[in-house]
Amino acid sequence: AAFRVDVLTIFPEYLAPLGQSLLGKAAQRGLVDIGVHDLRQWTGDVHRTVDDSPYGGGPGMVMRPEPWGRALEAVRPPGTRLVVPTPAGRPFTQAVAAQWATEPGLVFACGRYEGIDQRVADWAAGSGPVSEVSIGDYVLAGGESAVLVMVEAVTRLIPGVVGNADSVEFDSHADGLLEGPSYTRPASWQGLEVPPVLLSGDHAAIARWRRGQSLRRTADRRPDLLAALPDGALDAADRAA
Ligand SMILES: Nc1c(O)cccc1[N+](=O)[O-]
């Protein structure tokens, strides 16, 4: 059955890209079903109010729970994971994406303002898993951009969505390290040459060189990933790199 994605937002037009390109084709091929819903459909007043001042005071506005409760009852299939993008969430990682890709689908709740009344996530946990996740430590205006990121990361792991399965396997982060530099024709450009080993045809040497580049780049740009590698992930050749 198709992987089902539903997104609840007050800016449905922001999520139009979900219908295009890679996802668009997958959706056409029946691999992924995507629904984007305007939260205001479930408001109860003439002004279609979705927010109010925070109890306890403080800056900004908080999204009221009632529209979310009605929207989730209408849209969320029982047992489906509810994903709430929030700067206060657990990190969204490739491992999380891989886990979610094995499930029947996802419902995303895009918060704006200072976030959604906490009772929505607490109440929603009664009818399926709820994941409050962050895609990074920076301030966004709402969860919509994060949903675009997460939907892309998850759906490309669904069999058939990405053409060349290899490209999924050898992406950065697949082996816990960053991918090293890539090159293609011409062999010489602006006086810059492609590393000769890559033109040597010596596949063992090429693999060794690439591994070394990957380790060096990871140590330089993401030492946290190196520290997180399981014991034994680096062999003697790696340490010499
Ligand atoms: N960082 C952030 C935000 O500022 C607002 C909504 C969602 C996120 N996030 O998922 O990382």
# chains A, B, ... in the order shown; residues from 1 in each chain; ligands from 1
call {"tool": "closest_atom_pairs", "arguments": {"of": "chain A", "to": "ligand 1", "cutoff": "8 Å", "atoms": "only C-alpha atoms and all ligand atoms", "output": "CSV"}}
result
residue,atom,partner,partner_atom_place_in_ligand_line,distance
A:Val84,CA,ligand 1,10 (O),7.9
A:Pro85,CA,ligand 1,10 (O),4.1
A:Thr86,CA,ligand 1,7 (C),3.8
A:Pro87,CA,ligand 1,1 (N),4.0
A:Ala88,CA,ligand 1,2 (C),7.7
A:Gly89,CA,ligand 1,10 (O),7.1
A:Phe92,CA,ligand 1,10 (O),8.0
A:Cys110,CA,ligand 1,6 (C),7.6
A:Gly111,CA,ligand 1,6 (C),6.6
A:Arg112,CA,ligand 1,6 (C),7.4
A:Gly115,CA,ligand 1,6 (C),7.9
A:Val133,CA,ligand 1,10 (O),5.9
A:Ser134,CA,ligand 1,10 (O),3.6
A:Ile135,CA,ligand 1,11 (O),3.8
A:Gly136,CA,ligand 1,11 (O),4.4
A:Asp137,CA,ligand 1,1 (N),5.5
A:Tyr138,CA,ligand 1,1 (N),5.0
A:Val139,CA,ligand 1,4 (O),3.6
A:Leu140,CA,ligand 1,4 (O),3.6
A:Ala141,CA,ligand 1,5 (C),5.9
A:Gly142,CA,ligand 1,6 (C),4.5
A:Gly143,CA,ligand 1,6 (C),3.9
A:Glu144,CA,ligand 1,6 (C),7.4
A:Ser145,CA,ligand 1,7 (C),7.6
A:Ala146,CA,ligand 1,10 (O),4.9
A:Val147,CA,ligand 1,10 (O),7.7
call {"tool": "residues_around", "arguments": {"residues": "segment 211-224 of chain A", "least_positions_apart": "3", "cutoff": "10 Å", "atoms": "only C-alpha atoms", "output": "list in words"}}
result
Ser172, Gly176, Leu177, Leu178, Glu179, Gly180, Pro181, Ala205, Ile206, Ala207, Arg208, Ala227, Ala228, Leu229, Leu234, Ala237, Asp238, Arg239, Ala240 and Ala241 of chain A
call {"tool": "write_last_selection", "arguments": {"atoms": "N, CA and C atoms", "output": "tab-separated table (two decimals), in the first residue's frame"}}
result
chain	number	residue	atom	x	y	z
A	172	SER	N	25.90	10.53	2.11
A	172	SER	CA	26.55	10.89	3.38
A	172	SER	C	25.67	10.40	4.52
A	176	GLY	N	27.78	6.59	8.61
A	176	GLY	CA	28.18	7.35	9.78
A	176	GLY	C	29.26	8.38	9.51
A	177	LEU	N	29.75	8.40	8.25
A	177	LEU	CA	30.78	9.38	7.90
A	177	LEU	C	30.28	10.30	6.80
A	178	LEU	N	30.93	11.42	6.62
A	178	LEU	CA	30.57	12.33	5.52
A	178	LEU	C	31.15	11.79	4.22
A	179	GLU	N	30.47	12.01	3.13
A	179	GLU	CA	30.99	11.63	1.82
A	179	GLU	C	32.14	12.57	1.47
A	180	GLY	N	33.16	12.04	0.85
A	180	GLY	CA	34.29	12.87	0.43
A	180	GLY	C	33.96	13.61	-0.86
A	181	PRO	N	34.96	14.27	-1.47
A	181	PRO	CA	34.73	15.07	-2.69
A	181	PRO	C	34.41	14.20	-3.90
A	205	ALA	N	42.68	0.96	-4.75
A	205	ALA	CA	43.32	2.23	-4.37
A	205	ALA	C	42.28	3.34	-4.31
A	206	ILE	N	41.34	3.33	-5.26
A	206	ILE	CA	40.27	4.35	-5.27
A	206	ILE	C	39.43	4.23	-4.00
A	207	ALA	N	39.09	3.02	-3.62
A	207	ALA	CA	38.26	2.82	-2.42
A	207	ALA	C	39.02	3.31	-1.19
A	208	ARG	N	40.34	3.00	-1.14
A	208	ARG	CA	41.15	3.42	0.01
A	208	ARG	C	41.20	4.93	0.06
A	227	ALA	N	33.29	10.80	16.80
A	227	ALA	CA	33.22	10.36	18.20
A	227	ALA	C	32.05	9.39	18.40
A	228	ALA	N	31.03	9.51	17.55
A	228	ALA	CA	29.82	8.69	17.75
A	228	ALA	C	29.93	7.32	17.07
A	229	LEU	N	31.01	7.11	16.32
A	229	LEU	CA	31.13	5.81	15.62
A	229	LEU	C	31.25	4.68	16.63
A	234	LEU	N	36.44	1.89	13.00
A	234	LEU	CA	37.64	2.36	12.29
A	234	LEU	C	38.72	1.31	12.41
A	237	ALA	N	43.90	0.86	8.97
A	237	ALA	CA	44.08	1.69	7.76
A	237	ALA	C	43.39	3.03	7.94
A	238	ASP	N	42.19	2.99	8.56
A	238	ASP	CA	41.46	4.23	8.79
A	238	ASP	C	42.27	5.16	9.68
A	239	ARG	N	42.83	4.58	10.74
A	239	ARG	CA	43.54	5.44	11.71
A	239	ARG	C	44.76	6.07	11.06
A	240	ALA	N	45.31	5.35	10.07
A	240	ALA	CA	46.51	5.88	9.40
A	240	ALA	C	46.12	6.97	8.42
A	241	ALA	N	44.85	7.01	8.05
A	241	ALA	CA	44.41	7.96	6.99
A	241	ALA	C	44.59	9.41	7.44
call {"tool": "closest_atom_pairs", "arguments": {"of": "segment 112-224 of chain A", "to": "segment 56-69 of chain A", "cutoff": "9 Å", "atoms": "only C-alpha atoms", "output": "Markdown table"}}
result
| residue | atom | partner | partner_atom | distance |
| --- | --- | --- | --- | --- |
| A:Arg112 | CA | A:Met63 | CA | 7.3 |
| A:Tyr113 | CA | A:Met61 | CA | 5.6 |
| A:Glu114 | CA | A:Val62 | CA | 5.3 |
| A:Gly115 | CA | A:Val62 | CA | 5.5 |
| A:Ile116 | CA | A:Met63 | CA | 4.5 |
| A:Asp117 | CA | A:Pro65 | CA | 5.7 |
| A:Gln118 | CA | A:Pro65 | CA | 8.2 |
| A:Arg119 | CA | A:Pro65 | CA | 7.0 |
| A:Val120 | CA | A:Pro65 | CA | 5.8 |
| A:Trp123 | CA | A:Gly69 | CA | 8.4 |
| A:Ala124 | CA | A:Gly69 | CA | 8.1 |
call {"tool": "select_by_dssp", "arguments": {"residues": "segment 1-217 of chain A", "states": "strand (DSSP E)", "output": "count of residues only"}}
result
43
call {"tool": "select_by_dssp", "arguments": {"residues": "segment 86-162 of chain A", "states": "alpha helix (DSSP H)", "output": "list in words"}}
result
Gln94, Ala95, Val96, Ala97, Ala98, Gln99, Trp100, Ala101, Gln118, Arg119, Val120, Ala121, Asp122, Trp123, Ala124, Glu144, Ser145, Ala146, Val147, Leu148, Val149, Met150, Val151, Glu152, Ala153, Val154 and Thr155 of chain A
call {"tool": "write_last_selection", "arguments": {"atoms": "N, CA, C and O atoms", "output": "short mmCIF file (atom, residue, chain, number, x, y, z; two decimals), in the first residue's frame"}}
result
data_model
loop_
_atom_site.label_atom_id
_atom_site.label_comp_id
_atom_site.auth_asym_id
_atom_site.auth_seq_id
_atom_site.Cartn_x
_atom_site.Cartn_y
_atom_site.Cartn_z
N GLN A 94 18.97 10.57 10.14
CA GLN A 94 18.76 9.57 9.09
C GLN A 94 18.19 8.29 9.71
O GLN A 94 17.33 7.62 9.11
N ALA A 95 18.64 7.96 10.91
CA ALA A 95 18.14 6.74 11.57
C ALA A 95 16.64 6.88 11.86
O ALA A 95 15.87 5.93 11.68
N VAL A 96 16.23 8.07 12.28
CA VAL A 96 14.80 8.31 12.54
C VAL A 96 14.03 8.19 11.23
O VAL A 96 12.98 7.54 11.16
N ALA A 97 14.58 8.78 10.17
CA ALA A 97 13.91 8.72 8.85
C ALA A 97 13.74 7.26 8.41
O ALA A 97 12.68 6.86 7.93
N ALA A 98 14.79 6.46 8.62
CA ALA A 98 14.74 5.05 8.21
C ALA A 98 13.66 4.31 8.99
O ALA A 98 12.93 3.48 8.44
N GLN A 99 13.55 4.61 10.26
CA GLN A 99 12.52 3.97 11.10
C GLN A 99 11.13 4.35 10.60
O GLN A 99 10.27 3.50 10.35
N TRP A 100 10.90 5.64 10.37
CA TRP A 100 9.58 6.10 9.96
C TRP A 100 9.20 5.55 8.59
O TRP A 100 8.03 5.30 8.30
N ALA A 101 10.20 5.31 7.73
CA ALA A 101 9.91 4.83 6.36
C ALA A 101 9.35 3.41 6.38
O ALA A 101 8.76 2.95 5.40
N GLN A 118 0.48 22.41 24.50
CA GLN A 118 1.11 21.11 24.76
C GLN A 118 0.09 19.97 24.88
O GLN A 118 0.39 18.81 24.60
N ARG A 119 -1.15 20.34 25.24
CA ARG A 119 -2.15 19.29 25.44
C ARG A 119 -2.47 18.55 24.14
O ARG A 119 -2.94 17.41 24.17
N VAL A 120 -2.20 19.18 22.98
CA VAL A 120 -2.48 18.52 21.70
C VAL A 120 -1.59 17.28 21.55
O VAL A 120 -2.08 16.18 21.28
N ALA A 121 -0.28 17.46 21.75
CA ALA A 121 0.64 16.32 21.66
C ALA A 121 0.33 15.28 22.74
O ALA A 121 0.31 14.08 22.48
N ASP A 122 0.04 15.77 23.95
CA ASP A 122 -0.25 14.86 25.06
C ASP A 122 -1.51 14.04 24.75
O ASP A 122 -1.53 12.82 24.90
N TRP A 123 -2.55 14.72 24.27
CA TRP A 123 -3.83 14.04 23.96
C TRP A 123 -3.63 13.08 22.77
O TRP A 123 -4.11 11.94 22.78
N ALA A 124 -2.87 13.52 21.76
CA ALA A 124 -2.69 12.72 20.54
C ALA A 124 -1.94 11.41 20.83
O ALA A 124 -2.10 10.42 20.13
N GLU A 144 6.69 24.35 8.72
CA GLU A 144 6.49 23.92 7.33
C GLU A 144 7.80 23.54 6.63
O GLU A 144 7.87 22.50 5.94
N SER A 145 8.85 24.36 6.79
CA SER A 145 10.13 24.02 6.12
C SER A 145 10.64 22.68 6.63
O SER A 145 11.16 21.86 5.88
N ALA A 146 10.48 22.45 7.94
CA ALA A 146 10.95 21.20 8.54
C ALA A 146 10.18 20.02 7.96
O ALA A 146 10.74 18.95 7.71
N VAL A 147 8.90 20.22 7.68
CA VAL A 147 8.10 19.14 7.10
C VAL A 147 8.61 18.81 5.70
O VAL A 147 8.77 17.63 5.33
N LEU A 148 8.95 19.84 4.91
CA LEU A 148 9.49 19.57 3.56
C LEU A 148 10.76 18.73 3.68
O LEU A 148 10.94 17.77 2.93
N VAL A 149 11.60 19.08 4.62
CA VAL A 149 12.85 18.35 4.83
C VAL A 149 12.56 16.90 5.23
O VAL A 149 13.07 15.95 4.64
N MET A 150 11.71 16.73 6.22
CA MET A 150 11.48 15.37 6.73
C MET A 150 10.73 14.49 5.74
O MET A 150 11.06 13.30 5.57
N VAL A 151 9.77 15.06 5.02
CA VAL A 151 9.05 14.25 4.03
C VAL A 151 10.01 13.78 2.95
O VAL A 151 10.01 12.62 2.53
N GLU A 152 10.94 14.68 2.53
CA GLU A 152 11.92 14.27 1.51
C GLU A 152 12.83 13.17 2.07
O GLU A 152 13.04 12.13 1.42
N ALA A 153 13.32 13.36 3.28
CA ALA A 153 14.26 12.39 3.85
C ALA A 153 13.61 11.02 4.03
O ALA A 153 14.23 9.98 3.75
N VAL A 154 12.35 10.99 4.44
CA VAL A 154 11.67 9.72 4.70
C VAL A 154 11.23 9.04 3.41
O VAL A 154 11.53 7.85 3.18
N THR A 155 10.57 9.79 2.52
CA THR A 155 9.98 9.15 1.34
C THR A 155 11.05 8.63 0.37
O THR A 155 10.82 7.64 -0.33
#
call {"tool": "atom_distance", "arguments": {"atom1": "atom CA of Tyr183 of chain A", "atom2": "atom CA of Pro17 of chain A"}}
result
29.5 Å
call {"tool": "residues_around", "arguments": {"residues": "Arg4 of chain A", "least_positions_apart": "3", "cutoff": "12 Å", "atoms": "only C-alpha atoms", "output": "ChimeraX atom specification"}}
result
/A:1,7,26-27,30-36,75-77,80-81,100-108,151,154-155,158
call {"tool": "residues_around", "arguments": {"residues": "Phe11 of chain A", "least_positions_apart": "3", "cutoff": "9 Å", "atoms": "only C-alpha atoms", "output": "VMD selection string"}}
result
chain A and resid 8 14 to 15 37 to 39 110 144
call {"tool": "write_last_selection", "arguments": {"atoms": "all heavy atoms", "output": "mmCIF file, in the first residue's frame"}}
result
data_model
loop_
_atom_site.group_PDB
_atom_site.id
_atom_site.type_symbol
_atom_site.label_atom_id
_atom_site.label_comp_id
_atom_site.auth_asym_id
_atom_site.auth_seq_id
_atom_site.Cartn_x
_atom_site.Cartn_y
_atom_site.Cartn_z
ATOM 1 N N LEU A 8 -0.912 19.043 8.290
ATOM 2 C CA LEU A 8 -1.861 20.057 8.759
ATOM 3 C C LEU A 8 -1.091 21.352 8.976
ATOM 4 O O LEU A 8 -0.058 21.363 9.640
ATOM 5 C CB LEU A 8 -2.518 19.607 10.068
ATOM 6 C CG LEU A 8 -3.480 18.419 9.926
ATOM 7 C CD1 LEU A 8 -3.732 17.750 11.265
ATOM 8 C CD2 LEU A 8 -4.795 18.880 9.294
ATOM 9 N N TYR A 14 2.442 26.739 1.191
ATOM 10 C CA TYR A 14 3.884 26.622 1.433
ATOM 11 C C TYR A 14 4.367 25.202 1.092
ATOM 12 O O TYR A 14 5.536 24.967 0.766
ATOM 13 C CB TYR A 14 4.171 26.933 2.908
ATOM 14 C CG TYR A 14 5.623 27.171 3.208
ATOM 15 C CD1 TYR A 14 6.134 28.457 3.297
ATOM 16 C CD2 TYR A 14 6.485 26.085 3.390
ATOM 17 C CE1 TYR A 14 7.469 28.663 3.555
ATOM 18 C CE2 TYR A 14 7.826 26.291 3.644
ATOM 19 C CZ TYR A 14 8.311 27.577 3.733
ATOM 20 O OH TYR A 14 9.654 27.778 3.993
ATOM 21 N N LEU A 15 3.433 24.254 1.160
ATOM 22 C CA LEU A 15 3.836 22.846 0.976
ATOM 23 C C LEU A 15 3.562 22.356 -0.440
ATOM 24 O O LEU A 15 3.617 21.158 -0.708
ATOM 25 C CB LEU A 15 3.111 21.992 2.016
ATOM 26 C CG LEU A 15 3.605 22.314 3.438
ATOM 27 C CD1 LEU A 15 2.597 21.937 4.468
ATOM 28 C CD2 LEU A 15 4.936 21.663 3.699
ATOM 29 N N HIS A 37 -3.567 19.846 4.320
ATOM 30 C CA HIS A 37 -4.858 20.319 4.814
ATOM 31 C C HIS A 37 -4.719 21.647 5.555
ATOM 32 O O HIS A 37 -3.799 21.800 6.368
ATOM 33 C CB HIS A 37 -5.448 19.280 5.773
ATOM 34 C CG HIS A 37 -5.371 17.872 5.261
ATOM 35 N ND1 HIS A 37 -6.342 17.309 4.459
ATOM 36 C CD2 HIS A 37 -4.399 16.932 5.415
ATOM 37 C CE1 HIS A 37 -5.988 16.080 4.158
ATOM 38 N NE2 HIS A 37 -4.819 15.821 4.712
ATOM 39 N N ASP A 38 -5.631 22.560 5.291
ATOM 40 C CA ASP A 38 -5.617 23.867 5.967
ATOM 41 C C ASP A 38 -6.276 23.728 7.336
ATOM 42 O O ASP A 38 -7.475 23.429 7.436
ATOM 43 C CB ASP A 38 -6.386 24.890 5.104
ATOM 44 C CG ASP A 38 -6.303 26.295 5.687
ATOM 45 O OD1 ASP A 38 -5.957 26.418 6.894
ATOM 46 O OD2 ASP A 38 -6.565 27.259 4.941
ATOM 47 N N LEU A 39 -5.514 23.948 8.383
ATOM 48 C CA LEU A 39 -6.017 23.803 9.755
ATOM 49 C C LEU A 39 -7.260 24.650 10.002
ATOM 50 O O LEU A 39 -8.165 24.268 10.763
ATOM 51 C CB LEU A 39 -4.931 24.198 10.755
ATOM 52 C CG LEU A 39 -5.332 24.160 12.233
ATOM 53 C CD1 LEU A 39 -5.509 22.709 12.716
ATOM 54 C CD2 LEU A 39 -4.302 24.886 13.091
ATOM 55 N N CYS A 110 2.074 21.240 11.615
ATOM 56 C CA CYS A 110 2.976 22.394 11.504
ATOM 57 C C CYS A 110 2.528 23.474 12.483
ATOM 58 O O CYS A 110 1.446 24.043 12.332
ATOM 59 C CB CYS A 110 2.922 22.972 10.093
ATOM 60 S SG CYS A 110 3.496 21.831 8.850
ATOM 61 N N GLU A 144 6.692 24.351 8.724
ATOM 62 C CA GLU A 144 6.491 23.923 7.325
ATOM 63 C C GLU A 144 7.802 23.537 6.625
ATOM 64 O O GLU A 144 7.869 22.505 5.936
ATOM 65 C CB GLU A 144 5.777 25.023 6.531
ATOM 66 C CG GLU A 144 4.277 25.127 6.818
ATOM 67 C CD GLU A 144 3.948 25.862 8.101
ATOM 68 O OE1 GLU A 144 4.868 26.419 8.739
ATOM 69 O OE2 GLU A 144 2.770 25.856 8.505
#
call {"tool": "atom_distance", "arguments": {"atom1": "atom CA of Val130 of chain A", "atom2": "atom CA of Val83 of chain A"}}
result
5.9 Å
